[in-house]
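Have a look at upload-v2.tsv below; it lists TSV, C-alpha atoms.
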```tsv
chain	number	residue	atom	x	y	z
A	1	MET	CA	0.00	0.00	0.00
A	2	ALA	CA	1.29	3.49	-0.78
A	3	ASP	CA	2.29	5.82	2.04
A	4	PRO	CA	-0.99	7.39	3.19
A	5	ARG	CA	0.59	10.66	4.34
A	6	PRO	CA	0.84	12.54	1.03
A	7	ASP	CA	-2.98	12.36	0.71
A	8	PHE	CA	-3.48	14.27	3.92
A	9	ALA	CA	-0.30	16.32	4.22
A	10	ALA	CA	-2.13	19.61	3.69
A	11	ALA	CA	-5.50	18.53	5.09
A	12	THR	CA	-6.89	19.99	8.29
A	13	ASP	CA	-7.98	17.70	11.11
A	14	GLN	CA	-11.60	18.39	10.19
A	15	GLU	CA	-11.00	17.27	6.60
A	16	VAL	CA	-9.29	14.09	7.77
A	17	VAL	CA	-12.22	13.40	10.13
A	18	VAL	CA	-14.66	13.73	7.21
A	19	GLN	CA	-12.67	11.06	5.33
A	20	ALA	CA	-12.59	8.86	8.44
A	21	ARG	CA	-16.36	9.08	8.72
A	22	LEU	CA	-16.57	7.74	5.17
A	23	GLY	CA	-14.69	4.68	6.38
A	24	ARG	CA	-11.23	5.46	4.94
A	25	GLU	CA	-8.70	3.57	7.02
A	26	VAL	CA	-5.87	5.87	5.89
A	27	ALA	CA	-7.70	8.79	7.49
A	28	TYR	CA	-7.86	6.93	10.82
A	29	ARG	CA	-4.16	6.17	10.56
A	30	GLU	CA	-3.43	9.82	9.79
A	31	LEU	CA	-5.24	10.94	12.96
A	32	VAL	CA	-3.26	8.43	15.00
A	33	ARG	CA	-0.02	9.57	13.32
A	34	ARG	CA	-0.75	13.22	14.09
A	35	TYR	CA	-1.61	12.75	17.75
A	36	GLU	CA	0.16	9.61	19.01
A	37	ARG	CA	3.21	11.50	20.34
A	38	PRO	CA	1.41	14.45	22.02
A	39	ILE	CA	-1.22	12.17	23.54
A	40	PHE	CA	1.28	9.59	24.73
A	41	SER	CA	3.53	12.34	26.14
A	42	LEU	CA	0.68	13.99	28.04
A	43	ILE	CA	-0.53	10.71	29.51
A	44	TYR	CA	3.00	9.53	30.31
A	45	ARG	CA	3.75	12.75	32.17
A	46	MET	CA	0.50	12.34	34.07
A	47	VAL	CA	0.90	8.69	35.13
A	48	ARG	CA	4.71	8.17	34.81
A	49	ASP	CA	4.51	4.54	33.74
A	50	ARG	CA	5.38	3.73	30.13
A	51	GLU	CA	3.30	0.55	29.88
A	52	LEU	CA	0.29	2.11	31.55
A	53	ALA	CA	0.64	5.25	29.44
A	54	GLU	CA	0.60	3.12	26.29
A	55	ASP	CA	-2.55	1.34	27.47
A	56	LEU	CA	-4.28	4.62	28.33
A	57	ALA	CA	-3.16	6.25	25.07
A	58	GLN	CA	-4.47	3.26	23.13
A	59	GLU	CA	-7.75	3.44	25.08
A	60	THR	CA	-7.94	7.15	24.24
A	61	PHE	CA	-7.52	6.60	20.50
A	62	VAL	CA	-9.91	3.65	20.39
A	63	LYS	CA	-12.57	5.63	22.28
A	64	ALA	CA	-12.12	8.70	20.09
A	65	LEU	CA	-11.99	6.88	16.76
A	66	ASN	CA	-14.88	4.55	17.56
A	67	ALA	CA	-16.96	7.61	18.47
A	68	ILE	CA	-15.80	9.68	15.50
A	69	ASP	CA	-19.43	10.16	14.42
A	70	SER	CA	-20.20	11.93	17.69
A	71	TYR	CA	-17.33	14.41	17.23
A	72	ARG	CA	-18.70	17.91	16.65
A	73	PRO	CA	-16.67	19.83	14.05
A	74	GLU	CA	-17.24	23.19	15.76
A	75	TYR	CA	-14.68	22.00	18.35
A	76	LYS	CA	-11.01	21.48	17.50
A	77	PHE	CA	-10.24	17.80	17.06
A	78	SER	CA	-7.14	18.28	19.19
A	79	SER	CA	-9.28	19.64	22.07
A	80	TRP	CA	-11.57	16.65	21.78
A	81	ILE	CA	-8.85	14.01	21.85
A	82	PHE	CA	-6.88	15.80	24.58
A	83	LYS	CA	-10.07	15.89	26.65
A	84	ILE	CA	-10.49	12.13	26.29
A	85	ALA	CA	-6.80	11.55	27.09
A	86	ASN	CA	-6.87	13.79	30.13
A	87	ASN	CA	-10.04	12.12	31.42
A	88	ALA	CA	-8.41	8.70	30.99
A	89	ALA	CA	-5.32	9.80	32.93
A	90	ILE	CA	-7.23	11.59	35.69
A	91	ASP	CA	-9.67	8.70	36.07
A	92	HIS	CA	-6.74	6.34	36.43
A	93	LEU	CA	-5.02	8.57	38.98
A	94	ARG	CA	-8.23	8.85	40.96
A	95	ARG	CA	-8.70	5.10	40.90
A	96	LYS	CA	-5.15	4.29	41.88
A	97	GLU	CA	-4.50	7.36	44.03
A	98	LEU	CA	-0.96	7.71	42.73
A	99	SER	CA	0.32	10.67	44.64
A	100	THR	CA	4.08	10.41	44.43
A	101	LEU	CA	5.65	9.23	41.22
A	102	SER	CA	9.10	7.97	40.41
A	103	LEU	CA	11.21	9.18	37.54
A	104	ASP	CA	13.08	5.90	37.69
A	105	GLY	CA	10.08	3.98	36.41
A	106	SER	CA	6.71	2.66	37.45
A	107	PRO	CA	6.00	2.65	41.17
A	108	HIS	CA	4.52	-0.82	40.54
A	109	ALA	CA	7.68	-2.21	38.93
A	110	GLN	CA	9.01	-5.21	40.89
A	111	THR	CA	12.37	-5.82	39.21
A	112	PRO	CA	15.25	-3.62	37.97
A	113	GLU	CA	14.36	-4.63	34.40
A	114	ALA	CA	10.77	-3.51	34.92
A	115	MET	CA	12.00	-0.23	36.41
A	116	GLN	CA	14.21	0.35	33.37
A	117	ALA	CA	11.45	-0.62	30.95
A	118	THR	CA	8.99	1.83	32.46
A	119	ALA	CA	11.45	4.67	33.07
A	120	LEU	CA	11.28	7.97	31.27
A	121	GLN	CA	13.92	8.42	28.56
A	122	ILE	CA	15.05	12.03	28.26
A	123	GLY	CA	17.49	13.68	25.90
A	124	ASP	CA	17.87	10.85	23.43
A	125	ARG	CA	18.16	13.23	20.46
A	126	LEU	CA	21.19	15.19	21.61
A	127	GLU	CA	24.58	15.25	19.99
A	128	THR	CA	27.27	14.74	22.63
A	129	PRO	CA	27.33	12.63	25.79
A	130	LEU	CA	27.88	15.81	27.86
A	131	GLU	CA	24.86	17.55	26.33
A	132	GLU	CA	22.86	14.40	26.86
A	133	LEU	CA	23.94	14.19	30.50
A	134	GLU	CA	23.12	17.86	31.12
A	135	ALA	CA	19.76	17.53	29.41
A	136	ARG	CA	19.00	14.37	31.34
A	137	GLU	CA	19.76	16.15	34.60
A	138	LEU	CA	17.83	19.30	33.68
A	139	GLY	CA	14.99	17.36	32.08
A	140	GLY	CA	14.93	14.99	35.02
A	141	GLU	CA	14.63	17.90	37.46
A	142	ILE	CA	11.75	19.52	35.63
A	143	GLU	CA	10.01	16.19	35.03
A	144	ALA	CA	10.35	15.38	38.73
A	145	ALA	CA	9.00	18.79	39.69
A	146	ILE	CA	6.02	18.36	37.33
A	147	ALA	CA	5.39	14.90	38.81
A	148	ARG	CA	5.08	16.43	42.27
A	149	LEU	CA	2.31	18.83	41.20
A	150	ARG	CA	-1.34	18.06	41.89
A	151	PRO	CA	-2.85	16.21	38.89
A	152	GLU	CA	-5.08	19.18	37.98
A	153	TYR	CA	-2.10	21.54	37.99
A	154	ARG	CA	-0.08	18.99	36.03
A	155	SER	CA	-2.75	18.76	33.28
A	156	CYS	CA	-2.95	22.53	33.02
A	157	ILE	CA	0.78	23.22	32.96
A	158	LEU	CA	1.50	20.43	30.45
A	159	MET	CA	-1.24	21.61	28.09
A	160	ARG	CA	-0.26	25.26	28.40
A	161	HIS	CA	3.52	25.17	28.22
A	162	VAL	CA	4.42	21.76	26.74
A	163	GLU	CA	1.58	21.48	24.23
A	164	GLY	CA	1.19	25.23	23.75
A	165	ARG	CA	-2.62	25.29	24.10
A	166	ALA	CA	-4.45	28.58	24.75
A	167	TYR	CA	-6.07	29.19	28.14
A	168	GLU	CA	-9.55	29.11	26.57
A	169	GLU	CA	-8.86	25.76	24.90
A	170	ILE	CA	-7.54	24.29	28.15
A	171	ALA	CA	-10.69	25.49	29.94
A	172	GLN	CA	-12.76	23.72	27.27
A	173	ILE	CA	-10.68	20.53	27.44
A	174	LEU	CA	-10.80	20.32	31.23
A	175	ASP	CA	-14.37	21.61	31.63
A	176	LEU	CA	-13.13	24.27	34.02
A	177	PRO	CA	-13.85	28.01	34.20
A	178	LEU	CA	-11.18	30.15	32.50
A	179	GLY	CA	-10.28	31.84	35.81
A	180	THR	CA	-9.69	28.47	37.48
A	181	VAL	CA	-7.38	27.38	34.67
A	182	LYS	CA	-5.36	30.57	34.98
A	183	THR	CA	-5.14	30.16	38.75
A	184	TYR	CA	-4.00	26.53	38.41
A	185	ILE	CA	-1.34	27.48	35.87
A	186	HIS	CA	-0.07	30.38	37.96
A	187	ARG	CA	0.10	28.20	41.08
A	188	ALA	CA	1.80	25.41	39.15
A	189	ARG	CA	4.39	27.84	37.76
A	190	ASN	CA	4.92	29.20	41.24
A	191	GLU	CA	5.52	25.71	42.65
A	192	LEU	CA	7.81	24.77	39.77
A	193	ARG	CA	9.80	27.98	40.14
A	194	GLN	CA	10.34	27.24	43.80
A	195	ALA	CA	11.20	23.60	43.13
A	196	LEU	CA	13.75	24.57	40.47
A	197	ALA	CA	15.16	27.63	42.26
A	198	HIS	CA	18.43	25.82	43.02
A	199	LEU	CA	19.09	25.43	39.27
A	200	ARG	CA	19.33	29.18	38.85
A	201	GLU	CA	21.90	29.58	41.61
B	1	MET	CA	3.52	49.23	50.37
B	2	THR	CA	2.42	52.83	49.95
B	3	GLN	CA	-0.03	54.36	47.53
B	4	ASP	CA	2.87	56.05	45.73
B	5	THR	CA	4.71	52.76	45.02
B	6	PRO	CA	3.28	50.97	41.99
B	7	SER	CA	2.39	47.36	42.87
B	8	HIS	CA	4.68	44.55	41.73
B	9	LEU	CA	3.82	42.54	38.66
B	10	SER	CA	0.94	40.15	39.19
B	11	LEU	CA	0.90	36.66	37.65
B	12	ALA	CA	-1.50	38.02	35.02
B	13	ASP	CA	1.06	40.75	34.25
B	14	LEU	CA	3.74	38.08	33.92
B	15	ASP	CA	1.50	36.25	31.44
B	16	ASP	CA	1.16	39.46	29.45
B	17	TRP	CA	4.91	40.00	29.62
B	18	LEU	CA	5.60	36.44	28.41
B	19	ALA	CA	3.16	37.03	25.53
B	20	GLY	CA	4.78	40.41	24.77
B	21	ASN	CA	1.61	42.30	25.69
B	22	LEU	CA	2.65	44.09	28.88
B	23	THR	CA	1.09	47.54	29.15
B	24	PRO	CA	3.48	50.56	29.04
B	25	GLY	CA	2.77	51.43	32.70
B	26	ARG	CA	3.60	47.93	33.89
B	27	ARG	CA	6.63	47.79	31.61
B	28	GLU	CA	7.91	50.97	33.19
B	29	HIS	CA	7.57	49.34	36.62
B	30	LEU	CA	9.35	46.19	35.44
B	31	GLU	CA	12.28	48.18	34.09
B	32	ALA	CA	12.64	49.96	37.44
B	33	CYS	CA	12.00	47.08	39.86
B	34	ALA	CA	14.80	44.59	40.48
B	35	SER	CA	12.50	42.18	42.32
B	36	CYS	CA	10.04	42.02	39.40
B	37	GLN	CA	12.90	41.63	36.92
B	38	GLN	CA	14.18	38.65	38.85
B	39	LEU	CA	10.72	37.11	38.95
B	40	ALA	CA	10.15	37.75	35.24
B	41	GLU	CA	13.49	36.18	34.33
B	42	ALA	CA	12.67	33.12	36.44
B	43	GLU	CA	9.26	32.82	34.76
B	44	HIS	CA	10.82	33.16	31.34
B	45	GLY	CA	13.41	30.49	32.13
B	46	LEU	CA	10.76	28.14	33.46
B	47	VAL	CA	8.48	28.57	30.46
B	48	GLU	CA	11.42	27.99	28.09
B	49	LEU	CA	12.37	24.87	30.00
B	50	LEU	CA	8.81	23.54	29.88
B	51	SER	CA	8.37	24.27	26.19
B	52	SER	CA	11.66	22.50	25.43
B	53	LEU	CA	10.44	19.22	26.92
B	54	PRO	CA	10.34	16.72	24.07
B	55	HIS	CA	7.37	14.71	22.87
B	56	LEU	CA	7.86	11.07	23.73
B	57	ASP	CA	7.39	8.15	21.34
B	58	PRO	CA	5.13	5.25	22.18
B	59	ALA	CA	6.53	1.78	21.48
B	60	PRO	CA	6.81	0.71	17.82
B	61	GLY	CA	3.57	-0.76	16.46
B	62	PHE	CA	1.39	1.51	18.59
B	63	ALA	CA	-0.64	2.72	15.59
B	64	ASP	CA	-1.20	-0.88	14.42
B	65	ARG	CA	-2.45	-1.91	17.85
B	66	VAL	CA	-4.85	1.05	17.87
B	67	MET	CA	-6.08	0.26	14.37
B	68	ALA	CA	-6.63	-3.40	15.30
B	69	ALA	CA	-9.01	-2.29	18.08
B	70	VAL	CA	-10.87	0.38	16.10
B	71	GLU	CA	-14.13	-0.43	14.34
B	72	ILE	CA	-13.98	1.41	11.04
B	73	PRO	CA	-17.38	2.05	9.42
B	74	ASP	CA	-17.88	0.47	5.99
B	75	PRO	CA	-20.90	2.31	4.54
B	76	PHE	CA	-20.64	0.77	1.06
B	77	ALA	CA	-19.47	-2.67	2.29
B	78	LEU	CA	-16.40	-2.33	0.06
B	79	ARG	CA	-14.00	-3.40	2.77
B	80	ALA	CA	-16.23	-6.31	3.73
B	81	VAL	CA	-16.24	-7.51	0.11
B	82	ALA	CA	-12.46	-7.03	-0.15
B	83	THR	CA	-11.93	-8.99	3.09
B	84	TRP	CA	-14.28	-11.75	1.90
B	85	TRP	CA	-12.45	-11.97	-1.44
B	86	GLN	CA	-9.04	-12.03	0.27
B	87	ARG	CA	-10.19	-14.78	2.62
B	88	LEU	CA	-11.59	-16.76	-0.30
B	89	THR	CA	-8.49	-16.48	-2.49
B	90	SER	CA	-6.06	-17.22	0.35
B	91	ASP	CA	-7.29	-20.82	0.73
B	92	ARG	CA	-7.06	-23.14	-2.34
B	93	HIS	CA	-9.69	-25.54	-1.00
B	94	ARG	CA	-12.23	-22.75	-0.45
B	95	LEU	CA	-11.41	-21.30	-3.85
B	96	ALA	CA	-12.04	-24.69	-5.52
B	97	VAL	CA	-15.42	-25.08	-3.76
B	98	ALA	CA	-16.44	-21.53	-4.72
B	99	ALA	CA	-15.36	-22.10	-8.33
B	100	GLY	CA	-17.40	-25.35	-8.43
B	101	VAL	CA	-20.53	-23.60	-7.11
B	102	MET	CA	-20.02	-20.76	-9.59
B	103	LEU	CA	-19.62	-23.24	-12.45
B	104	LEU	CA	-22.83	-25.04	-11.45
B	105	LEU	CA	-24.75	-21.76	-11.33
B	106	LEU	CA	-23.40	-20.59	-14.67
B	107	THR	CA	-24.13	-23.97	-16.29
B	108	GLY	CA	-27.69	-23.87	-14.94
B	109	MET	CA	-28.24	-20.32	-16.16
B	110	GLY	CA	-26.73	-21.11	-19.57
B	111	GLY	CA	-28.88	-24.25	-19.92
B	112	SER	CA	-31.98	-22.27	-18.98
B	113	VAL	CA	-31.28	-19.59	-21.59
B	114	ALA	CA	-30.56	-22.24	-24.25
B	115	TRP	CA	-33.79	-24.14	-23.47
B	116	SER	CA	-35.85	-20.89	-23.63
B	117	LEU	CA	-34.37	-20.07	-27.03
B	118	ALA	CA	-35.13	-23.58	-28.29
B	119	ASN	CA	-38.79	-23.48	-27.07
B	120	PRO	CA	-39.98	-19.93	-27.78
B	121	ASP	CA	-43.75	-20.77	-27.46
B	122	VAL	CA	-43.61	-22.50	-24.08
B	123	VAL	CA	-42.35	-19.57	-21.97
B	124	PRO	CA	-45.14	-17.07	-23.03
B	125	GLY	CA	-47.72	-19.86	-22.49
B	126	ILE	CA	-46.52	-20.46	-18.92
B	127	GLY	CA	-46.49	-16.67	-18.34
B	128	SER	CA	-50.11	-16.15	-19.42
B	129	TRP	CA	-51.30	-19.18	-17.36
B	130	LEU	CA	-49.50	-17.80	-14.27
B	131	SER	CA	-50.95	-14.29	-14.69
B	132	GLY	CA	-54.48	-15.72	-15.14
B	133	GLU	CA	-54.12	-17.77	-11.95
B	134	ALA	CA	-52.77	-14.74	-10.04
B	135	ALA	CA	-55.70	-12.52	-11.15
B	136	GLN	CA	-58.20	-15.19	-10.09
B	137	TRP	CA	-56.60	-15.50	-6.64
B	138	PHE	CA	-56.52	-11.72	-6.22
B	139	TRP	CA	-60.28	-11.28	-6.88
B	140	LEU	CA	-61.18	-14.27	-4.71
B	141	THR	CA	-59.16	-12.79	-1.79
B	142	LEU	CA	-60.79	-9.37	-2.27
B	143	ARG	CA	-64.31	-10.85	-2.24
B	144	GLY	CA	-63.48	-12.89	0.87
B	145	LEU	CA	-62.26	-9.78	2.70
B	146	GLY	CA	-65.37	-7.83	1.63
B	147	SER	CA	-67.83	-10.43	2.92
B	148	ASN	CA	-65.81	-10.78	6.13
B	149	LEU	CA	-66.12	-7.01	6.67
B	150	LEU	CA	-69.89	-7.02	6.14
B	151	GLU	CA	-70.30	-9.74	8.77
B	152	GLN	CA	-68.50	-7.76	11.52
B	153	PRO	CA	-70.81	-6.71	14.45
B	154	TRP	CA	-69.61	-3.08	14.35
B	155	TYR	CA	-70.18	-2.68	10.60
B	156	THR	CA	-73.83	-1.54	10.93
B	157	ALA	CA	-72.95	1.03	13.64
B	158	VAL	CA	-70.19	2.53	11.49
B	159	ARG	CA	-72.46	2.65	8.42
B	160	ASP	CA	-75.18	4.41	10.48
B	161	ALA	CA	-72.64	6.91	11.91
B	162	ALA	CA	-71.58	7.89	8.41
B	163	GLY	CA	-75.16	7.72	7.15
B	164	SER	CA	-75.76	11.49	6.92
B	165	PRO	CA	-73.34	14.31	5.91
B	166	ALA	CA	-73.61	15.92	9.38
B	167	ARG	CA	-72.76	12.69	11.16
B	168	LEU	CA	-69.93	11.98	8.74
B	169	ALA	CA	-68.47	15.45	9.36
B	170	PHE	CA	-68.73	14.95	13.13
B	171	VAL	CA	-66.96	11.57	13.03
B	172	ALA	CA	-64.28	12.88	10.65
B	173	GLY	CA	-63.70	15.94	12.88
B	174	GLY	CA	-63.42	13.81	16.01
B	175	ALA	CA	-60.98	11.46	14.31
B	176	SER	CA	-58.86	14.42	13.08
B	177	VAL	CA	-58.69	15.97	16.57
B	178	LEU	CA	-57.59	12.63	18.03
B	179	TYR	CA	-54.95	12.26	15.29
B	180	VAL	CA	-53.52	15.77	15.79
B	181	THR	CA	-53.44	15.34	19.59
B	182	GLY	CA	-51.60	12.05	19.21
B	183	MET	CA	-49.06	13.55	16.80
B	184	LEU	CA	-48.36	16.49	19.13
B	185	ALA	CA	-47.87	14.15	22.07
B	186	MET	CA	-45.47	11.98	20.05
B	187	ARG	CA	-43.50	15.01	18.88
B	188	ARG	CA	-43.12	16.26	22.42
B	189	LEU	CA	-41.96	12.86	23.61
B	190	LEU	CA	-39.43	12.46	20.79
B	191	SER	CA	-38.03	16.02	20.64
B	192	LEU	CA	-34.39	16.70	21.75
B	193	PRO	CA	-33.77	18.80	24.88
B	194	SER	CA	-33.80	22.51	24.09
B	195	ALA	CA	-30.89	23.40	26.43
B	196	GLU	CA	-27.30	23.02	25.23
B	197	VAL	CA	-25.86	19.68	26.27
B	198	ALA	CA	-22.21	19.50	27.29
B	199	HIS	CA	-19.88	17.75	24.89
B	200	ALA	CA	-20.33	14.12	25.82
B	201	ARG	CA	-17.51	11.90	26.91
B	202	PRO	CA	-17.42	9.05	24.42
```
Can the structure in the file be given as structure tokens, please?
Amino acid sequence: MADPRPDFAAATDQEVVVQARLGREVAYRELVRRYERPIFSLIYRMVRDRELAEDLAQETFVKALNAIDSYRPEYKFSSWIFKIANNAAIDHLRRKELSTLSLDGSPHAQTPEAMQATALQIGDRLETPLEELEARELGGEIEAAIARLRPEYRSCILMRHVEGRAYEEIAQILDLPLGTVKTYIHRARNELRQALAHLRE
Amino acid sequence: MTQDTPSHLSLADLDDWLAGNLTPGRREHLEACASCQQLAEAEHGLVELLSSLPHLDPAPGFADRVMAAVEIPDPFALRAVATWWQRLTSDRHRLAVAAGVMLLLLTGMGGSVAWSLANPDVVPGIGSWLSGEAAQWFWLTLRGLGSNLLEQPWYTAVRDAAGSPARLAFVAGGASVLYVTGMLAMRRLLSLPSAEVAHARP
């Protein structure tokens, strides 16, 4: 089969969704291709367990794509799928009450291999070992600080500053008033600034 | 803090500053206030650090696993036919059985066409006999239904009710009112809620 991407390279999400509703498998694959990394990253940074994040990301895509007919085009597709992903992560956190999370891997991992398999890999695209080490340390610090935030703050800060979503869109995704979203983001930034203060010294 | 000292930058001001939209008055304060400058620099550093966090890759084959679990609609049954054909052609035994059945059907159809061409008078004869029988059965059924209707106990009452134009108009009016009332009730029961419903979680 030919590479499906050229068909949709210039298409908007809405146009791809129209094709998906007609039953075109390539359109479904295109939606997965566009959002697999942002969705997986968001969920991973929420639950901090690679295997679990994969399961929740898969659940997110299956839910969204199986309900593609109920998607309303007046909303951004990205808002819709981020909403489903965030709900999946928050529901899981509420069920499991994961309060403190380890950067070294899943808190449920029983063996060193399992810890390694579920650990976050940072800085794997850098050029020199020194740069990689520095990025790992810096990335590890910020990831650890994000992991210590309350889940609601974590969702907000990740969507605002990692995914670059507007405040209004975040409010829509999280079903929260705009003022609450701003407050959460300000508090999260405040906590992160304090947690990372030693890096500036 | 005194009334004369302008207040330090709020978090909303810092947002404006990060977006490059700080008002001139607040900018003036920022340029003069070391404490606010320090805070703004820290915010800027933090936001840069957050926005530099990379997207992470799921394990290879993630998209295939998603696609295996997704039910893709097939409005024209094209994929179903393609799957059926692929399944058929992938197994030689199945293919042989299907070819045998197809051959039997084609032979039967060919034989039928050949026989019809060889006996041109027989087919129209059978056709006219069948249509005559069908017409006879149709009229017999209609007569049976008619006599059954006349024997119903309510038939006389209905005929009397529609016996005069005034009575007929009264019955028709009553029936229309009942019909309209029923339709309105159904419409009310089946209508969607008027208030906006929140975007549902699938």
Wanna dump the chain B-chain A contacts at 7 Å for me, each residue with its shortest atom pair and the distance in Å to one decimal, counting all atoms listed in the file, ordered by chain and number, as CSV?
```
residue,atom,partner,partner_atom,distance
B:Leu11,CA,A:His186,CA,6.4
B:Ala42,CA,A:Arg193,CA,7.0
B:Leu46,CA,A:Arg193,CA,6.8
B:Val47,CA,A:His161,CA,6.4
B:Leu50,CA,A:Val162,CA,5.7
B:Ser51,CA,A:Val162,CA,4.7
B:Leu53,CA,A:Val162,CA,6.5
B:His55,CA,A:Ser41,CA,5.6
B:Leu56,CA,A:Ser41,CA,5.1
B:Asp57,CA,A:Arg37,CA,5.4
B:Pro58,CA,A:Phe40,CA,6.3
B:Ala63,CA,A:Val32,CA,6.3
B:Val66,CA,A:Gln58,CA,5.7
B:Ala69,CA,A:Val62,CA,6.4
B:Val70,CA,A:Val62,CA,5.5
B:Glu71,CA,A:Asn66,CA,6.0
B:Ile72,CA,A:Gly23,CA,5.7
B:Pro73,CA,A:Gly23,CA,4.8
B:Asp74,CA,A:Gly23,CA,5.3
B:Pro75,CA,A:Gly23,CA,6.9
B:Pro202,CA,A:Ala67,CA,6.1
```
Note to self: If I take atom CA of Ser79 of chain A and atom CA of Thr12 of chain A, how far is one from the other in Å, to one decimal?
What the structure shows: 14.0 Å
Notebook entry, point to check: If you measure from atom CA of Tyr35 of chain A to atom CA of Ser78 of chain A, what distance in Å do you get, rounded to one decimal?
Noted result: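 Going from atom CA of Tyr35 of chain A over to atom CA of Ser78 of chain A covers 8.0 Å.
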Margin query: So that I can check the surroundings of Phe8 of chain A, please list as a PyMOL selection string every protein, DNA and RNA residue that reaches within 10 Å of it, counting all atoms listed in the file and ignoring chain neighbours fewer than 5 positions away.
Written below: chain A and resi 13+15-16+19+26-27+30-31
Check: So which residues touch Gln37 of chain B within 12 Å, counting all atoms listed in the file, skipping near sequence neighbours fewer than 5 positions away, as a ChimeraX atom specification?
Finding: /B:8-9,14,17,26-32,42-44
